[in-house]
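Student: Submitted below is the structure of interest, expressed as structure tokens.
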Amino acid sequence: MSALLDNLNPEQLAAVTLPPQPALILAGAGSGKTRVLTTRIAWLISTGQASQASILAVTFTNKAAKEMSARLAAMLPINPRGMWIGTFHGLCNRLLRAHSRDAGLPETFQILDTADQLAAIKRLVKALNVDDEKYPPRELQHFINANKEAGLRAAEVEAWDEWTRKRVEIYAEYERQCQKEGVVDFAELLLRAFELLSRNEPLRLHYQSRFRHILVDEFQDTNHLQYEWLKLLAAYGGAAPAAVFAVGDDDQSIYAFRGADVGNMRDFERQFAVKSVIRLEQNYRSHGNILDAANAIIANNSKRLGKNLWTEAGAGEPIRLFEAPTDIDEARWIVEETQALIRDGAARSDIAVLYRSNAQSRVLEHQLFSTGIPYRVYGGLRFFERQEIKHALAYLRLLANPDDDTAFLRVVNFPTRGIGARSIEALADSARTYNASLYATVPHLAGRPGASLALFVRLIEDMRQATRDLPLPEVIDHVLDASGLRTHYRAEREGEERLSNLDELLSAAANFVAEAEEPGLAGFLAHASLEAGEHQADAGQDAVQLMSIHAAKGLEFDVVFLSGLEEGLCPHENAISEPDGLEEERRLIYVAVTRARKRLYLSLAQSRMLHGQTRYSMKSRFIDEIPAGLIKWLTPAARPAAERYFDPAPRKAQSQAKDLGGLRIGQLVSHPKFGQGVIVSAEGAGSDARIQINFGGVHGMKWLVLSLAKLTPA
DNA sequence: CATCAATCACCGTAG
DNA sequence: GTGATTGATG
């Protein structure tokens with residue numbers, strides 16, 4: 001026991017050993033947050049204050065949940081599976097599987113990922129004859145999810161205008177469609193679990209009396225529904241509420257876009273009458289210069305609970321900053337620098353390259369690949385989201401739940417078996433009249449299309465027969481052959497990688513069976529939806545880590561490259577116009593900077609390919625928020641002169657040189673009112689000539705009449 | 001009904 | 001630049 005509490009600083013110790021009552025721990029980046037959480041659980045159990053079964057710990061990412069389980073297993077001679085530890089989605093899934101009937105779901109309900117959900121909405125929009133120009137499926141998807149995250153069913157959404165009334169109607173139809181097919185989307189997992197507990201009193205009382213200790217990681221990222229779910233489970237307002245131990249950092253709140261509400265921290269403090277607020281401000285991760293930069297950046301935010309990180313570590317190295325002419329040059333430089341680090345003995349896995357948007361990874365991957373440096377990309381297109389994997393999973397889903405129309409449509413004619421759009425349309429029509437799923441409607445269909453469809457149904461039924469008593473990997477193996485997927489990809493010219501991914505699916509299943517509590521098909525399918533990113537084909541290898549800043553939260557590395565620090569990208573142009581958008585972008589940079597232990601590189605590119613076009617931008621305002629003394633410029637001048645600003649190797653799109661009275665595209669210019677900007681494009685000629693300039697920041701993009709604008713080369 | 005080429009829209013972050 | 005969608009052709 002004493003060893004358990006050794007080496008904790010006074011604040012950490014106080015947090016770990018708080019009496020069982022509501023507590024809020026404001027834990028700065030690198031302050032030992034995970035350690036406090038896990039030690040708290042170990043302490044509660046080893047002092048006999050809590051049983052394993054009375055613990056519920058919830059996190060946001062699978063990575064964090066796994067980490068917590070692993071650390072607990074190292075601290076306690078127990079099986080951490082006795083506790084409920086997982087993500088919000090994972091725990092809600094567990095709850096719904098255990099009580100599917102009470103929740104109004106089939107036992108084998110399937111989970112729709114983002115792409116499945118969008119496909120389902122598109123299908124619905126088509127079936128309802130809705131104008132998809134006026135009601136774009138993506139927008140509808142966002143509308144539905146936002147309402148679910150706010151805890152609102154279609155009937156509860158207030159619609160003030162015709163547009164929204166229609167969207168509510170589609171939302172209601174979507175709910176009906178999902179219910180009929182026995183599928184739930186991500187947001188539905190949470191909402192359904194919430195409704196299950198709130199409507200079913202015996203069940204609620206059971207879980208409320210079981211979970212006496214509820215620990216929440218990354219509390220700042222909870223959305224409204226998740227907070228309400230926690231309140232319900234903790235018996236908030238009742239005679240004997242559970243002890244909620246919430247750990248969070250308002251400065252690291254970066255998920256407002258999906259409904260996260262930092263206000264939950266204040267609400268929690270007030271509503272639960274929290275007596276103990278503990279601040280963890282000593283940072284054990286980063287050198288002083290890195291921490292100073294992070295503190296300086298975040299100090300520009302106005303809405304903060306207030307916190308200042310400090311460290312006993314020395315200042316360390318300066319922050320290195322590199323400005324490249326193009327995104328390709330930027331990537332090349334990052335790779336060269338990485339090579340040098342590895343040559344000097346750095347482990348590849350201790351080096352991370354971070355970026356704002358996943359699209360940036362391609363250039364980096366290309367450079368790394370051609371240099372032969374092993375790398376691993378997190379996020380982006382994930383293993384379980386690959387086309388061939390989704391096809392295989394769709395067959396499996398049909399085995400588990402034939403009413404899953406999304407799965408049905410995905411593979412009914414893949415590999416092709418003569419079932420075209422006409423047949424599908426006819427089938428969908430009768431499915432509507434019978435009010436049944438596509439699969440169930442097939443026997444009712446007469447004529448020629450009916451025959452080929454019946455063959456497909458027969459195929460699935462045969463698969464079900466043949467795999468009835470087989471272990472999961474063999475089920476999948478059989479399905480891959482019987483479906484014709486293997487044959488199809490063997491014939492495809494570039495199908496080799498797809499084939500090996502399908503084999504990888506087999507080993508993923510074998511792994512799953514070995515580790516899971518419920519190693520059945522339904523469990524595996526849920527795993528595939530919920531942990532789409534966890535399984536990577538080249539996991540385990542010592543590789544350079546590539547990921548978005550969001551994905552990097554909670555992780556740390558010796559060396560961090562933060563790339564693409566340009567106005568429009570970081571801060572992202574869409575965020576600037578959003579309320580509080582800029583502050584969230586700043587927190588994003590704060591998160592990125594605080595990932596680094598020893599060395600931090602910042603980089604930007606003056607021009608970048610985006611949407612197949614070259615874009616010119618200015619350096620991010622956030623760079624200017626770092627005290628100049630902490631930065632070491634690796635490029636000659638703070639701003640390169642106009643001449644050298646040009647792309648030395650112009651790409652096609654910009655090669656047509658235009659005469660703009662001495663100015664050129666890509667050049668940095670100064671305007672008396674708008675300040676510095678980059679010439680992006682031009683049109684017209686003579687006195688009509690207009691040029692487009694990206695001033696970044698407040699002014700943004702502007703079209704100016706060349707003959708009137710008082711521009712000087714900067 | 002399948003295949004291929006041409007055209008179009010899209011990339012902001014995620015479980 | 002990529003992946004989805006549409007249109008012409010066999």
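In the structure tokens, the first chain shown is A, the next is B, and so on; residue numbers restart at 1 for each chain, and ligands run from 1 in the order shown.
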Quick one: everything within 9 Å of stretch 4-14 of chain B, counting only C-alpha atoms (C1' of nucleotides), minus sequence neighbours fewer than 2 positions away in the same chain. Send it as a PyMOL selection string.
Tutor: (chain A and resi 254-255+257-258+356-359+379+548-551+572+574-575+610-611) or (chain C and resi 2+4-9)
Student: Once you have the residues from the selection above, write them out as a tab-separated table (two decimals), in the first residue's frame, restricted to N, CA, C and O atoms (P, O5', C5', C4', C3', O3' and C1' of nucleotides).
Tutor:
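Result file follows (result-v1.tsv):
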chain	number	residue	atom	x	y	z
A	254	ILE	N	-10.97	20.08	-26.87
A	254	ILE	CA	-10.82	20.24	-28.32
A	254	ILE	C	-11.90	19.50	-29.10
A	254	ILE	O	-11.73	19.19	-30.27
A	255	TYR	N	-13.00	19.19	-28.43
A	255	TYR	CA	-14.04	18.44	-29.11
A	255	TYR	C	-15.40	19.15	-29.11
A	255	TYR	O	-16.43	18.52	-29.19
A	257	PHE	N	-16.67	20.60	-31.46
A	257	PHE	CA	-17.33	20.34	-32.74
A	257	PHE	C	-18.23	19.12	-32.70
A	257	PHE	O	-19.09	18.94	-33.54
A	258	ARG	N	-17.99	18.24	-31.74
A	258	ARG	CA	-18.91	17.12	-31.67
A	258	ARG	C	-19.73	17.20	-30.38
A	258	ARG	O	-20.11	16.20	-29.79
A	356	ARG	N	-2.88	19.24	-38.52
A	356	ARG	CA	-4.24	19.66	-38.18
A	356	ARG	C	-5.28	18.76	-38.86
A	356	ARG	O	-6.28	18.38	-38.27
A	357	SER	N	-5.05	18.45	-40.12
A	357	SER	CA	-6.05	17.65	-40.83
A	357	SER	C	-5.41	16.43	-41.46
A	357	SER	O	-4.25	16.46	-41.90
A	358	ASN	N	-6.13	15.35	-41.50
A	358	ASN	CA	-5.59	14.08	-41.96
A	358	ASN	C	-5.09	14.14	-43.40
A	358	ASN	O	-4.21	13.37	-43.78
A	359	ALA	N	-5.66	15.06	-44.18
A	359	ALA	CA	-5.26	15.15	-45.58
A	359	ALA	C	-3.77	15.48	-45.71
A	359	ALA	O	-3.14	15.18	-46.72
A	379	GLY	N	-5.53	7.23	-37.47
A	379	GLY	CA	-6.62	8.00	-38.03
A	379	GLY	C	-6.63	7.90	-39.54
A	379	GLY	O	-6.01	7.01	-40.11
A	548	SER	N	-3.17	13.13	-36.42
A	548	SER	CA	-3.72	14.47	-36.25
A	548	SER	C	-3.49	14.91	-34.81
A	548	SER	O	-3.22	14.08	-33.93
A	549	ILE	N	-3.58	16.22	-34.58
A	549	ILE	CA	-3.39	16.72	-33.22
A	549	ILE	C	-4.44	16.12	-32.30
A	549	ILE	O	-4.14	15.75	-31.16
A	550	HIS	N	-5.67	15.98	-32.79
A	550	HIS	CA	-6.72	15.40	-31.97
A	550	HIS	C	-6.35	14.01	-31.49
A	550	HIS	O	-6.55	13.65	-30.33
A	551	ALA	N	-5.80	13.22	-32.42
A	551	ALA	CA	-5.46	11.84	-32.08
A	551	ALA	C	-4.30	11.76	-31.10
A	551	ALA	O	-4.11	10.75	-30.42
A	572	HIS	N	-7.78	26.74	-38.49
A	572	HIS	CA	-8.51	26.36	-39.70
A	572	HIS	C	-9.47	27.46	-40.09
A	572	HIS	O	-10.10	28.08	-39.24
A	574	ASN	N	-12.39	27.48	-41.37
A	574	ASN	CA	-13.78	27.31	-40.94
A	574	ASN	C	-13.98	27.65	-39.47
A	574	ASN	O	-15.07	28.00	-39.04
A	575	ALA	N	-12.92	27.51	-38.69
A	575	ALA	CA	-13.05	27.69	-37.25
A	575	ALA	C	-13.09	29.17	-36.88
A	575	ALA	O	-13.68	29.55	-35.87
A	610	LEU	N	-4.03	21.89	-52.17
A	610	LEU	CA	-5.27	21.61	-51.45
A	610	LEU	C	-6.38	21.51	-52.48
A	610	LEU	O	-6.51	22.40	-53.31
A	611	HIS	N	-7.15	20.46	-52.44
A	611	HIS	CA	-8.20	20.24	-53.42
A	611	HIS	C	-7.63	20.29	-54.83
A	611	HIS	O	-8.27	20.79	-55.75
C	2	DT	P	-4.18	10.40	-55.88
C	2	DT	O5'	-5.62	10.23	-55.23
C	2	DT	C5'	-5.76	10.34	-53.82
C	2	DT	C4'	-7.23	10.24	-53.45
C	2	DT	C3'	-7.91	8.98	-54.00
C	2	DT	O3'	-8.63	8.38	-52.95
C	2	DT	C1'	-9.14	10.90	-54.59
C	4	DA	P	-15.74	5.72	-52.64
C	4	DA	O5'	-16.74	6.76	-53.32
C	4	DA	C5'	-17.44	7.70	-52.53
C	4	DA	C4'	-18.39	8.45	-53.43
C	4	DA	C3'	-19.47	7.56	-54.04
C	4	DA	O3'	-20.70	8.25	-53.99
C	4	DA	C1'	-18.22	8.64	-55.76
C	5	DT	P	-22.06	7.60	-54.47
C	5	DT	O5'	-22.31	8.31	-55.88
C	5	DT	C5'	-22.10	9.72	-56.00
C	5	DT	C4'	-22.26	10.11	-57.46
C	5	DT	C3'	-23.36	9.35	-58.20
C	5	DT	O3'	-24.15	10.28	-58.91
C	5	DT	C1'	-21.34	9.23	-59.41
C	6	DT	P	-25.53	9.87	-59.58
C	6	DT	O5'	-25.23	10.10	-61.13
C	6	DT	C5'	-24.73	11.37	-61.56
C	6	DT	C4'	-24.16	11.24	-62.97
C	6	DT	C3'	-25.14	10.59	-63.97
C	6	DT	O3'	-25.28	11.46	-65.10
C	6	DT	C1'	-23.01	9.55	-64.08
C	7	DG	P	-26.47	11.25	-66.11
C	7	DG	O5'	-25.68	10.78	-67.41
C	7	DG	C5'	-24.53	11.51	-67.84
C	7	DG	C4'	-23.83	10.73	-68.95
C	7	DG	C3'	-24.78	10.03	-69.92
C	7	DG	O3'	-24.31	10.23	-71.26
C	7	DG	C1'	-23.28	8.44	-68.98
C	8	DA	P	-25.18	9.78	-72.50
C	8	DA	O5'	-24.16	8.81	-73.25
C	8	DA	C5'	-22.84	9.28	-73.57
C	8	DA	C4'	-21.96	8.11	-73.94
C	8	DA	C3'	-22.52	7.22	-75.06
C	8	DA	O3'	-21.47	6.90	-75.97
C	8	DA	C1'	-22.11	5.91	-73.13
C	9	DT	P	-21.81	6.15	-77.31
C	9	DT	O5'	-21.43	4.66	-76.93
C	9	DT	C5'	-20.06	4.32	-76.66
C	9	DT	C4'	-19.97	2.88	-76.21
C	9	DT	C3'	-20.61	1.88	-77.19
C	9	DT	O3'	-19.62	0.95	-77.60
C	9	DT	C1'	-21.26	1.44	-74.95
Student: What's the separation between atom CA of A:Ala407 and atom CA of A:Leu225, in Å to one decimal place?
Tutor: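 A separation of 28.6 Å between them.
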Student: Give me, as an MDAnalysis selection string, the residues of chain A touching chain C, with the criterion being at most 12 Å (counting only C-alpha atoms (C1' of nucleotides)).
Tutor: chainID A and resid 119 359:360 362:363 387 609:614
Student: Between A:Lys553, A:Ala74, A:Lys231, A:Ala154, single out the one closest to chain B, counting only C-alpha atoms (C1' of nucleotides).
Tutor: A:Lys553
Student: One decimal, Å: what's the distance from atom CA of A:Ala23 over to atom CA of A:Gln220, could you say?
Tutor: 14.0 Å
Student: Write out as a PyMOL selection string each polymer residue whose atoms come within 12 Å of stretch 473-482 of chain A, counting only C-alpha atoms (C1' of nucleotides); drop sequence neighbours fewer than 4 positions from it.
Tutor: chain A and resi 388-400+415+456+458-469+486-490+499+501-514+519-521+524-525
Student: For chain B, which residue among A:Gly675, A:Pro713, A:Pro579, A:Pro571 is the nearest when counting only C-alpha atoms (C1' of nucleotides)?
Tutor: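 Ranked by minimum distance to chain B, first place goes to A:Pro571.
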Student: Using backbone DSSP assignments, extract all strand (DSSP E or B) residues from stretch 587-629 of chain A; output them as a list of chain:residue names.
Tutor: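 Those residues are A:Ala596, A:Arg597, A:Lys598, A:Arg599, A:Leu600, A:Tyr601, A:Leu602, A:Ser603, A:Leu604, A:Ala605, A:Gln606, A:Ser607, A:Arg608, A:Met609, A:Leu610, A:Gln613, A:Thr614, A:Arg615, A:Tyr616, A:Lys619.
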Student: Could you check which of A:Asp327, A:Glu496, A:Glu585, A:Glu67 is closest to chain B, using only C-alpha atoms (C1' of nucleotides)?
Tutor: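 Using only C-alpha atoms (C1' of nucleotides), the shortest distance to chain B belongs to A:Glu585.
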Student: Distance atom CA of A:Gly32-atom CA of A:Glu228, one decimal place?
Tutor: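 These atoms are spaced 27.4 Å apart.
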Student: Run DSSP on the backbone and grab whatever in stretch 90-125 of chain A lands in helix (DSSP H, G or I); send it over as number ranges by chain.
Tutor: A: 90-98, 114-125
Student: Could you write out that same residue set with C-alpha atoms as a short mmCIF file (atom, residue, chain, number, x, y, z; two decimals), in the first residue's frame?
Tutor:
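And here is the file that came out, out37.cif:
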data_model
loop_
_atom_site.label_atom_id
_atom_site.label_comp_id
_atom_site.auth_asym_id
_atom_site.auth_seq_id
_atom_site.Cartn_x
_atom_site.Cartn_y
_atom_site.Cartn_z
CA GLY A 90 -18.05 0.95 -25.26
CA LEU A 91 -19.80 0.99 -21.89
CA CYS A 92 -23.13 1.96 -23.42
CA ASN A 93 -22.76 -0.86 -25.91
CA ARG A 94 -22.12 -3.24 -23.03
CA LEU A 95 -25.20 -2.00 -21.24
CA LEU A 96 -27.39 -2.33 -24.31
CA ARG A 97 -26.10 -5.83 -25.13
CA ALA A 98 -26.88 -6.95 -21.61
CA THR A 114 -20.04 7.32 -39.75
CA ALA A 115 -19.90 6.06 -43.33
CA ASP A 116 -22.68 3.51 -42.77
CA GLN A 117 -24.84 6.20 -41.25
CA LEU A 118 -24.32 8.50 -44.19
CA ALA A 119 -25.17 5.69 -46.61
CA ALA A 120 -28.34 4.97 -44.65
CA ILE A 121 -29.35 8.63 -44.79
CA LYS A 122 -28.67 8.84 -48.52
CA ARG A 123 -30.83 5.80 -49.04
CA LEU A 124 -33.61 7.35 -46.98
CA VAL A 125 -33.41 10.66 -48.81
#
Student: Fewer than 3 positions away in the same chain doesn't count, so skip those; otherwise give me all residues within 9 Å of B:DC1, counting only C-alpha atoms (C1' of nucleotides), as a list in words.
Tutor: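 The residues that qualify are Gly418, Ile419, Gly420 and Ala421 of chain A.
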Student: Could you please take those selected residues and save C-alpha atoms as an mmCIF file, in the first residue's frame?
Tutor:
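What follows is the written file result.cif:
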data_model
loop_
_atom_site.group_PDB
_atom_site.id
_atom_site.type_symbol
_atom_site.label_atom_id
_atom_site.label_comp_id
_atom_site.auth_asym_id
_atom_site.auth_seq_id
_atom_site.Cartn_x
_atom_site.Cartn_y
_atom_site.Cartn_z
ATOM 1 C CA GLY A 418 -26.290 -9.896 -62.022
ATOM 2 C CA ILE A 419 -28.347 -7.888 -59.612
ATOM 3 C CA GLY A 420 -28.555 -4.356 -60.925
ATOM 4 C CA ALA A 421 -30.171 -1.095 -59.978
#
